[in-house]
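Input: a single structure, listed below in structure tokens.
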Amino acid sequence: MSAVAAGRAEEEARDVVHFELIAAGRAELAPYGVEIQEDTVVHAARDGDGFVVTTGAGAHHRAHKLVLATGLEDQLPEIPGARETFGKSLFHCPYCDAWEVRDRPLAILGRGEKAVQLALALTTWSHDLVLCTDGWTRITAAQRASLAAHRIAVRTDKLVAIDHRGGRLEAIRFARGEPLVREAAFFHGQCRPRSPLAAQLGCRFTRSGSVITQSFERASGGLYVVGDASRDVHFIAVAVAEGVRAAYAINRSLRIEHTARILNGSDGMKLNPQITYRDVQPTAALDRSIRDSVQRLDRYHPNILGCRIAVEAPHRHHRKGRPYRVRIDLTVPGKELVVAHHPQLNPAHEDLSVALRDAFRAARRELQTHARTRRGDVKSHDRLSLPSAKNGIRGRRATTIERRV
Ligand SMILES: Cc1cc2nc3c(=O)[nH]c(=O)nc-3n(C[C@H](O)[C@H](O)[C@H](O)COP(=O)(O)OP(=O)(O)OC[C@H]3O[C@@H](n4cnc5c(N)ncnc54)[C@H](O)[C@@H]3O)c2cc1C
């Protein structure tokens with residue numbers, strides 16, 4: 001196999017591993033009742049003692065704690081060919097990619113102290129190195145001596161393009177002089193956060209665009225920032241470890257807060273419902289009222305394992321008025337109970353408090369019936385159709401019952 005073919009095969013194998021890893025991670029989350037929504041969070045704000053995030057599709061989610069794992073974006077050299085070669089033969093991190101191009105002719109793109117350090121770091125893997133500074137730059141006598149000691153050439157001509165074949169670098173082209181034949185290049189450039197969320201939440205940043213965090217990756221309050229988005233070296237293992245540290249700290253802090261609420265009598269909360277708002281602006285008061293209703297449900301069933309609430313206001317142009325839709329998914333041992341409200345059935349639900357009241361009443365009835373069935377008091381009960389994505393709130397398929405409100 002040629003070097004190029006071997007490189008492509010390696011890339012394809014990496015892609016397969018990448019997707020398999022994501023699929024495996026998602027599969028592992030499923031038994032824990034984690035819902036994955038493929039959407040971009042466009043806004044995040046603090047709200048009372050928690051956070052509200054808004055997605056591109058218009059859903060609002062409220063949470064006590066928030067983890068940002070939104071990564072960083074590398075600013076590539078602004079020359080033709082950089083985008084096409086990035087990740088294939090143009091790299092930013094020697095520890096990630098230099099082994100694969102060891103002993104090959106390499107270029108370093110960049111200027112200043114950081115670029116000189118990058119060139120010197122690469123001597124671990126190759127001794128055929130040229131530092132390309134894209135124009136004249138001041139190099140101190142000490143830097144020049146270090147570069148010379150490792151036989152690293154310096155080329156100060158203006159860069160024009162990276163010539164490549166299918167992303168495989170072949171040569172660096174300059175405004176004058178001969179092209180420089182190379183097999184790969186490393187660059188030193190700036191990074192910027194992939195998302196504006198940390199800035200919206202008032203985080204403090206390092207000069208390289210990472211969020212400054214404290215112990216256990218806490219940025220402030222209940223906000224945690226992990227992975228590349230936070231300040232530390234940027235490796236997958238480090239990102240995973242930071243996620244684990246944040247999860248540990250969040251769980252501990254939720255438990256401590258919960259104990260404190262029980263001790264001061266302000267909360268007997270056992271269930272931590274997941275609430276989604278679609279086209280409804282969540283307020284702390286609305287959220288609290290829904291959570292209170294959820295907590296009262298445990299009077300009707302001894303063992304509610306999970307609860308999801310979706311509140312949606314269909315768009316005005318769909319119909320006269322604006323009836324709200326409320327869907328409650330309850331997980332009890334061995335069953336999913338779904339209470340879904342269909343607005344066409346009840347115009348009174350143009351009032352959100354009425355829609356919620358009726359949804360929770362129906363949920364209570366479902367729980368009572370289910371609890372009685374489990375005890376053997378009721379032999380069976382009616383089974384209604386599941387909501388379709390078209391006329392109900394989007395959500396998981398339920399395994400058992402839908403009760404229309
Ligand atoms: C070319 C290249 C090669 C690398 N090679 C290696 C290597 O060999 N070994 C190694 O350990 N590391 C390597 N790294 C570094 C590694 O990829 C990162 O350290 C790691 O991916 C960081 O994980 P993360 O979850 O913090 O961020 P990311 O992997 O960047 O993930 C962030 C995720 O958040 C999503 N996101 C961002 N904003 C939003 C939003 N507003 N709403 C919803 N989602 C959002 C993004 O779409 C993305 O999926 C390499 C990086 C690059 C670029």
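Naming works like this for the structure tokens: A, B, ... for the chains as they're shown, residue 1 at the start of each chain, ligands 1 onward in shown order.
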
Arg102 (chain A) surroundings by only C-alpha atoms, 12 Å radius, close-in-sequence under 2 positions cut, as a list in words: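 My list of contacting residues is Pro94, Tyr95, Cys96, Asp97, Ala98, Trp99, Glu100, Arg104, Pro105, Leu106, Leu122, Thr123, Thr124, Trp125, Ser126, His127, Asp128, Leu129, Glu183, Ala184 and Ala185 of chain A.
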
Shell of 8 Å around ligand 1 (only C-alpha atoms and all ligand atoms), written as a ChimeraX atom specification: /A:38-43,55,69-74,86-88,91-93,95-97,194-197,226-230,233-240

Write the residues you've just listed into a file as a PDB file, in the first residue's frame, and include C-alpha atoms for each of them.
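Wrote result-v4.pdb, looks like this:
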ATOM      1  CA  GLU A  38     -30.050  17.331  18.214  1.00  0.00           C
ATOM      2  CA  ASP A  39     -30.305  21.089  18.258  1.00  0.00           C
ATOM      3  CA  THR A  40     -28.093  24.114  18.784  1.00  0.00           C
ATOM      4  CA  VAL A  41     -28.382  26.091  21.967  1.00  0.00           C
ATOM      5  CA  VAL A  42     -28.528  29.705  20.816  1.00  0.00           C
ATOM      6  CA  HIS A  43     -28.923  31.424  24.147  1.00  0.00           C
ATOM      7  CA  THR A  55     -32.457  26.177  21.288  1.00  0.00           C
ATOM      8  CA  ALA A  69     -18.846  21.294  26.777  1.00  0.00           C
ATOM      9  CA  THR A  70     -18.973  23.350  23.626  1.00  0.00           C
ATOM     10  CA  GLY A  71     -15.297  23.193  22.603  1.00  0.00           C
ATOM     11  CA  LEU A  72     -13.021  25.580  20.784  1.00  0.00           C
ATOM     12  CA  GLU A  73     -12.546  26.449  17.158  1.00  0.00           C
ATOM     13  CA  ASP A  74      -9.079  26.805  15.663  1.00  0.00           C
ATOM     14  CA  PHE A  86      -6.782  20.813   8.144  1.00  0.00           C
ATOM     15  CA  GLY A  87      -6.882  17.570  10.092  1.00  0.00           C
ATOM     16  CA  LYS A  88      -5.432  15.615   7.140  1.00  0.00           C
ATOM     17  CA  PHE A  91      -2.327  20.184  12.116  1.00  0.00           C
ATOM     18  CA  HIS A  92      -2.220  22.336  15.206  1.00  0.00           C
ATOM     19  CA  CYS A  93      -1.074  19.852  17.846  1.00  0.00           C
ATOM     20  CA  TYR A  95       1.095  15.544  20.411  1.00  0.00           C
ATOM     21  CA  CYS A  96      -2.010  14.565  18.449  1.00  0.00           C
ATOM     22  CA  ASP A  97      -0.592  14.182  14.964  1.00  0.00           C
ATOM     23  CA  ARG A 194     -17.278  27.459  19.424  1.00  0.00           C
ATOM     24  CA  SER A 195     -20.333  29.026  21.026  1.00  0.00           C
ATOM     25  CA  PRO A 196     -21.239  32.388  22.579  1.00  0.00           C
ATOM     26  CA  LEU A 197     -22.901  30.720  25.590  1.00  0.00           C
ATOM     27  CA  VAL A 226     -15.455  21.233  30.667  1.00  0.00           C
ATOM     28  CA  GLY A 227     -13.271  20.028  27.813  1.00  0.00           C
ATOM     29  CA  ASP A 228     -11.597  22.334  25.341  1.00  0.00           C
ATOM     30  CA  ALA A 229     -13.917  25.180  26.356  1.00  0.00           C
ATOM     31  CA  SER A 230     -12.202  25.352  29.748  1.00  0.00           C
ATOM     32  CA  VAL A 233      -4.501  21.147  27.687  1.00  0.00           C
ATOM     33  CA  HIS A 234      -6.795  20.057  24.882  1.00  0.00           C
ATOM     34  CA  PHE A 235      -6.952  16.280  24.718  1.00  0.00           C
ATOM     35  CA  ILE A 236      -9.882  13.883  24.591  1.00  0.00           C
ATOM     36  CA  ALA A 237      -8.828  12.141  27.806  1.00  0.00           C
ATOM     37  CA  VAL A 238      -8.617  15.501  29.606  1.00  0.00           C
ATOM     38  CA  ALA A 239     -12.065  16.531  28.294  1.00  0.00           C
ATOM     39  CA  VAL A 240     -13.565  13.255  29.515  1.00  0.00           C
TER      40      VAL A 240
END

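Once region 115-117 of chain A and its same-chain neighbours fewer than 4 positions away are set aside, Ile108, Leu109, Gly110, Arg111, Ala121, Leu122, Leu131, Cys132, Thr133, Ile139, Gln143, Arg144, Ser146, Leu147, Ile152, Val154, Phe186, Phe187, His188 and Gly189 of chain A remain within 10 Å of it when counting only C-alpha atoms.
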
Requested write-out: N, CA and C atoms of the selected residues, as a short mmCIF file (atom, residue, chain, number, x, y, z; two decimals), in the first residue's frame:
data_model
loop_
_atom_site.label_atom_id
_atom_site.label_comp_id
_atom_site.auth_asym_id
_atom_site.auth_seq_id
_atom_site.Cartn_x
_atom_site.Cartn_y
_atom_site.Cartn_z
N ILE A 108 6.38 24.57 9.55
CA ILE A 108 5.69 25.17 10.69
C ILE A 108 5.23 26.54 10.22
N LEU A 109 3.93 26.82 10.31
CA LEU A 109 3.39 28.11 9.86
C LEU A 109 3.08 28.97 11.07
N GLY A 110 3.68 30.14 11.12
CA GLY A 110 3.39 31.03 12.25
C GLY A 110 4.59 31.91 12.55
N ARG A 111 4.35 32.86 13.42
CA ARG A 111 5.45 33.74 13.79
C ARG A 111 5.43 34.02 15.28
N ALA A 121 9.44 22.00 19.41
CA ALA A 121 8.74 20.81 19.92
C ALA A 121 8.72 19.71 18.87
N LEU A 122 8.63 20.10 17.60
CA LEU A 122 8.52 19.10 16.53
C LEU A 122 9.83 18.35 16.28
N LEU A 131 10.56 26.67 9.28
CA LEU A 131 9.61 27.62 9.89
C LEU A 131 9.25 28.69 8.86
N CYS A 132 7.97 28.80 8.51
CA CYS A 132 7.52 29.75 7.49
C CYS A 132 6.76 30.87 8.20
N THR A 133 7.30 32.08 8.16
CA THR A 133 6.76 33.16 9.00
C THR A 133 5.80 34.10 8.25
N ILE A 139 13.08 37.83 14.98
CA ILE A 139 13.45 36.61 15.71
C ILE A 139 14.65 36.98 16.57
N GLN A 143 16.43 32.91 20.05
CA GLN A 143 15.56 32.02 19.26
C GLN A 143 16.30 31.51 18.02
N ARG A 144 17.01 32.43 17.36
CA ARG A 144 17.76 32.06 16.16
C ARG A 144 18.79 30.98 16.49
N SER A 146 18.64 28.77 18.96
CA SER A 146 17.95 27.49 19.22
C SER A 146 17.53 26.83 17.91
N LEU A 147 16.98 27.65 17.00
CA LEU A 147 16.54 27.09 15.71
C LEU A 147 17.74 26.52 14.95
N ILE A 152 16.83 24.03 12.04
CA ILE A 152 15.49 24.41 11.55
C ILE A 152 15.66 25.66 10.67
N VAL A 154 14.52 28.90 8.34
CA VAL A 154 13.46 29.91 8.47
C VAL A 154 13.23 30.52 7.10
N PHE A 186 2.42 22.13 10.46
CA PHE A 186 1.77 22.43 11.74
C PHE A 186 1.69 23.95 11.84
N PHE A 187 0.64 24.45 12.45
CA PHE A 187 0.52 25.90 12.55
C PHE A 187 0.24 26.32 13.98
N HIS A 188 0.69 27.52 14.27
CA HIS A 188 0.28 28.07 15.55
C HIS A 188 -0.69 29.21 15.27
N GLY A 189 -1.89 29.08 15.77
CA GLY A 189 -2.89 30.13 15.56
C GLY A 189 -3.73 30.31 16.81
#

Output as CSV one row per residue of region 52-126 of chain A within 6 Å of region 273-293 of chain A: the closest atom pair and its distance in Å to one decimal place, counting only C-alpha atoms, sorted by chain and residue number ascending.
residue,atom,partner,partner_atom,distance
A:Gly58,CA,A:Asp279,CA,5.9
A:Ala59,CA,A:Arg278,CA,4.2
A:His60,CA,A:Tyr277,CA,4.7
A:His61,CA,A:Thr276,CA,5.0

Please produce an output containing N, CA and C atoms for each residue in the selection, written as a tab-separated table (two decimals), in the first residue's frame.
chain	number	residue	atom	x	y	z
A	58	GLY	N	-36.38	26.73	19.11
A	58	GLY	CA	-37.32	27.52	19.91
A	58	GLY	C	-37.71	26.88	21.23
A	59	ALA	N	-37.07	25.75	21.61
A	59	ALA	CA	-37.40	25.13	22.90
A	59	ALA	C	-36.61	25.81	24.01
A	60	HIS	N	-37.21	25.92	25.17
A	60	HIS	CA	-36.53	26.47	26.35
A	60	HIS	C	-36.40	25.34	27.37
A	61	HIS	N	-35.23	25.21	27.94
A	61	HIS	CA	-35.04	24.20	28.99
A	61	HIS	C	-34.53	24.91	30.23

Per-residue DSSP, region 67-205 of chain A, filtered to strand (DSSP E), as a PyMOL selection string: chain A and resi 67-68+72-74+90-91+106-109+129-132+153-155+159-165+168-174+180-181+184-187+191-193

Those residues you just picked out, can you put them in a file as a PDB file, in the first residue's frame with C-alpha atoms?
ATOM      1  CA  VAL A  67     -22.487  22.081  31.917  1.00  0.00           C
ATOM      2  CA  LEU A  68     -20.930  23.700  28.856  1.00  0.00           C
ATOM      3  CA  LEU A  72     -13.021  25.580  20.784  1.00  0.00           C
ATOM      4  CA  GLU A  73     -12.546  26.449  17.158  1.00  0.00           C
ATOM      5  CA  ASP A  74      -9.079  26.805  15.663  1.00  0.00           C
ATOM      6  CA  LEU A  90      -2.240  20.497   8.336  1.00  0.00           C
ATOM      7  CA  PHE A  91      -2.327  20.184  12.116  1.00  0.00           C
ATOM      8  CA  LEU A 106       7.461  19.293   7.749  1.00  0.00           C
ATOM      9  CA  ALA A 107       6.660  23.020   7.746  1.00  0.00           C
ATOM     10  CA  ILE A 108       5.693  25.173  10.689  1.00  0.00           C
ATOM     11  CA  LEU A 109       3.392  28.105   9.857  1.00  0.00           C
ATOM     12  CA  LEU A 129      11.757  21.317   9.549  1.00  0.00           C
ATOM     13  CA  VAL A 130      11.203  24.746   7.978  1.00  0.00           C
ATOM     14  CA  LEU A 131       9.611  27.616   9.893  1.00  0.00           C
ATOM     15  CA  CYS A 132       7.517  29.754   7.489  1.00  0.00           C
ATOM     16  CA  ALA A 153      15.447  26.651   8.460  1.00  0.00           C
ATOM     17  CA  VAL A 154      13.461  29.913   8.467  1.00  0.00           C
ATOM     18  CA  ARG A 155      11.644  31.197   5.408  1.00  0.00           C
ATOM     19  CA  LEU A 159       2.644  32.620   1.951  1.00  0.00           C
ATOM     20  CA  VAL A 160       0.347  32.318  -1.073  1.00  0.00           C
ATOM     21  CA  ALA A 161      -1.213  28.844  -0.880  1.00  0.00           C
ATOM     22  CA  ILE A 162      -1.003  25.306   0.371  1.00  0.00           C
ATOM     23  CA  ASP A 163      -0.883  22.988  -2.639  1.00  0.00           C
ATOM     24  CA  HIS A 164      -2.493  19.661  -1.924  1.00  0.00           C
ATOM     25  CA  ARG A 165      -4.099  16.631  -3.502  1.00  0.00           C
ATOM     26  CA  ARG A 168      -2.725  15.726   1.328  1.00  0.00           C
ATOM     27  CA  LEU A 169      -0.223  18.571   1.436  1.00  0.00           C
ATOM     28  CA  GLU A 170       2.319  18.598  -1.392  1.00  0.00           C
ATOM     29  CA  ALA A 171       3.985  22.008  -1.229  1.00  0.00           C
ATOM     30  CA  ILE A 172       3.808  25.445   0.335  1.00  0.00           C
ATOM     31  CA  ARG A 173       3.694  28.226  -2.260  1.00  0.00           C
ATOM     32  CA  PHE A 174       5.179  31.699  -1.633  1.00  0.00           C
ATOM     33  CA  LEU A 180       8.630  24.319  -0.557  1.00  0.00           C
ATOM     34  CA  VAL A 181       7.891  20.629  -0.953  1.00  0.00           C
ATOM     35  CA  ALA A 184       2.647  18.009   6.357  1.00  0.00           C
ATOM     36  CA  ALA A 185       2.557  21.306   8.223  1.00  0.00           C
ATOM     37  CA  PHE A 186       1.773  22.430  11.743  1.00  0.00           C
ATOM     38  CA  PHE A 187       0.516  25.902  12.547  1.00  0.00           C
ATOM     39  CA  CYS A 191      -8.569  29.632  19.094  1.00  0.00           C
ATOM     40  CA  ARG A 192     -12.017  31.006  19.821  1.00  0.00           C
ATOM     41  CA  PRO A 193     -14.995  29.480  21.674  1.00  0.00           C
TER      42      PRO A 193
END

From a DSSP calculation on the backbone, collect every residue of region 149-209 of chain A in alpha helix (DSSP H) and output the set as a short mmCIF file (atom, residue, chain, number, x, y, z; two decimals) with C-alpha atoms, in the first residue's frame.
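The result, stored in selection06.cif:
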data_model
loop_
_atom_site.label_atom_id
_atom_site.label_comp_id
_atom_site.auth_asym_id
_atom_site.auth_seq_id
_atom_site.Cartn_x
_atom_site.Cartn_y
_atom_site.Cartn_z
CA ALA A 149 21.07 24.27 16.88
CA LEU A 197 -22.90 30.72 25.59
CA ALA A 198 -20.05 31.14 28.10
CA ALA A 199 -19.82 34.84 27.18
CA GLN A 200 -23.60 35.23 27.54
#

Nearest residue to Gly50 (chain A) from the set A:Leu223, A:Leu76, A:Ala27, A:Val101 (distances using only C-alpha atoms):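 Residue with the minimum atom-to-atom distance to Gly50 (chain A): A:Leu223.
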
Between CA of Gln295 (chain A) and CA of Lys335 (chain A) - distance in Å to one decimal: 19.1 Å

Exercise: region 349-358 of chain A partners within 6 Å, only C-alpha atoms, chain neighbours under 2 positions left out, as a ChimeraX atom specification: /A:322-324,346-347,360-361
